[in-house]
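To start, the structure itself, in structure tokens.
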Protein chains: 2
Amino acid sequence: MKLLEDVIREKGTILEGGVLKVDSFLNHQIDPELMKALGDEFAHAFKDHGINKILTVETSGIAPAVFAGFELGVPVVFGRKNKSLTLQDNMYTTSVYSYTKQISNEISISKDFLDSNDRVLIIDDFLANGQAVAGLLSICKNAGASVAGIGIVIEKSFQKGRRFVEESGIPILSLARIASLDEHGITFVDESTDQNND
Amino acid sequence: MKLLEDVIREKGTILEGGVLKVDSFLNHQIDPELMKALGDEFAHAFKDHGINKILTVETSGIAPAVFAGFELGVPVVFGRKNKSLTLQDNMYTTSVYSYTKQISNEISISKDFLDSNDRVLIIDDFLANGQAVAGLLSICKNAGASVAGIGIVIEKSFQKGRRFVEESGIPILSLARIASLDEHGITFVDESTDQNND
């Protein structure tokens, strides 16, 4: 998505270790107009997939997810993060490791809001190692819900998450796919040469 | 706001101790259509207040805030919650006690996204004891930002937060104002008899 790539180039900053910081429009300050454009793009791509629910994880997936949910006319459920290992009644729970923050979080979703009648679109802000997506897929499996697609705002295509999703066979749309990033800048996956690009 | 009161009556559940659970449309599952209606209402009420930024706190304030931000054409900044007491560079930080969860969280906002040029609308999901709003007001004061208004989705008018805000003199709009709630149900503040209602 050209618009998003331009915003990332203009406003993203690259920290040591290849961490891309997009705090000015996605992860701390949110640009609502951009979020609506992203949400609309997800909705358009998956409108014929029979989706009745969007699943995301707090916090930064929520803004694009609610615009997509508005456009598709479906509710959004966000997985709650907490560090507690307390057994939680009536919750699907899984552990997700964040390489960036180097901590494990429990992600929980109430059984009241996910079951075998659900056909889900997963939306998240980043796909890198695929831990958050794997956690949400595991919760969907436990709930008996089917996953119709995965929508990612920014994918680091050089990390293992993309391959993990492709091997699952679930359709994926990543709105910006980063081939590489370092102190010299960001290179996006060239869509014209990428056969697997959605 | 009649629409919101109806949804609260229909879908809210009251737990022991007067806790109102609205997990099915606001705090865990999100109803995007309702969130847009709430966001539009805030935007309409504060459109002539010279607002250039919306401030909220993760997580449940984000959905109504991004719709309001879209309508007003302004960015949304969300305060990040964390339990760490580590000194954080370049951040405004304040401590907020949650009576419901009985824990204190640090709320942080980067100095990159709030300064003395900002005229802010604060939006949050609940106003009860006013701790979160007080925290955001304190951060705005430290940043030199002015606060043009406060928009609340659900106010528990019988708790001290409402009075705290009124004493601050900052205009407040609460879309649903709960006068009382117990096992018999919910009573909303009767707007026709409430002189201070916005």
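For the structure tokens, the naming scheme is as follows: chains receive sequential letters (A, B, ...) according to their order of presentation, residues are indexed from 1 within each chain, and ligands are indexed from 1 in presentation order.
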
Chain B contacts on chain A, only C-alpha atoms, 8 Å, as a PDB file with C-alpha atoms, in the first residue's frame:
ATOM      1  CA  SER A  24       4.073   9.042  15.569  1.00  0.00           C
ATOM      2  CA  HIS A  28       1.604   5.876  20.566  1.00  0.00           C
ATOM      3  CA  GLN A  29       0.196   8.744  18.547  1.00  0.00           C
ATOM      4  CA  ILE A  30      -2.455   7.455  16.141  1.00  0.00           C
ATOM      5  CA  ASP A  31      -3.349   9.026  12.798  1.00  0.00           C
ATOM      6  CA  PRO A  32      -7.103   8.310  12.509  1.00  0.00           C
ATOM      7  CA  GLU A  33      -7.317   9.152   8.803  1.00  0.00           C
ATOM      8  CA  GLU A  58      -4.253  -4.719  22.609  1.00  0.00           C
ATOM      9  CA  THR A  59      -3.074  -2.084  22.031  1.00  0.00           C
ATOM     10  CA  ILE A  62      -7.291  -1.814  17.843  1.00  0.00           C
ATOM     11  CA  ALA A  63      -7.413   1.357  15.720  1.00  0.00           C
ATOM     12  CA  VAL A  66     -12.258  -0.945  14.532  1.00  0.00           C
ATOM     13  CA  PHE A  67     -12.280   0.858  11.182  1.00  0.00           C
ATOM     14  CA  GLY A  69     -14.955  -3.759  11.693  1.00  0.00           C
ATOM     15  CA  PHE A  70     -17.063  -0.699  10.986  1.00  0.00           C
ATOM     16  CA  GLY A  73     -20.250  -4.454   9.985  1.00  0.00           C
ATOM     17  CA  VAL A  74     -18.733  -6.926  12.470  1.00  0.00           C
ATOM     18  CA  PRO A  75     -17.540  -6.659  16.095  1.00  0.00           C
ATOM     19  CA  VAL A  76     -13.885  -6.495  17.125  1.00  0.00           C
ATOM     20  CA  VAL A  77     -12.547  -8.558  20.028  1.00  0.00           C
ATOM     21  CA  PHE A  78      -9.155  -7.662  21.434  1.00  0.00           C
ATOM     22  CA  GLY A  79      -7.002 -10.122  23.328  1.00  0.00           C
ATOM     23  CA  ARG A  80      -5.996  -8.792  26.699  1.00  0.00           C
ATOM     24  CA  PHE A 113     -16.874 -13.711  22.608  1.00  0.00           C
TER      25      PHE A 113
END

Under the rule that only C-alpha atoms are counted, which of A:Arg177, A:Lys101, A:Lys111, A:Lys11 is the nearest residue to Arg162 (chain A)?
A:Arg177

Region 30-197 of chain A: residues DSSP assigns to strand (DSSP E), reported as a ChimeraX atom specification
/A:30,53-57,76-82,91-98,103-110,119-127,146-156,172-182,185-188

What is the distance, in Å and to one decimal place, between CA of Val147 (chain B) and CA of Arg119 (chain B)?
5.7 Å

Pick out each residue of chain A that DSSP on the backbone tags as helix (DSSP H, G or I); I need them as a VMD selection string.
chain A and resid 2 to 11 16 to 18 23 to 27 32 to 46 62 to 72 111 to 113 131 to 143 161 to 168 191 to 193

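The two atoms in question, CA of Ala148 (chain A) and CA of Asn52 (chain A), are spaced 9.8 Å apart.
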
Between A:His184, A:Lys81, A:Lys2, A:Lys160, smallest distance to Ile14 (chain A) by only C-alpha atoms belongs to A:His184

A:Gly169, A:Gly61, A:Gly18, A:Gly135: which is nearest Ile123 (chain A), counting only C-alpha atoms?
A:Gly61

Between CA of Leu173 (chain B) and CA of Ile152 (chain B) lies a distance of 6.2 Å
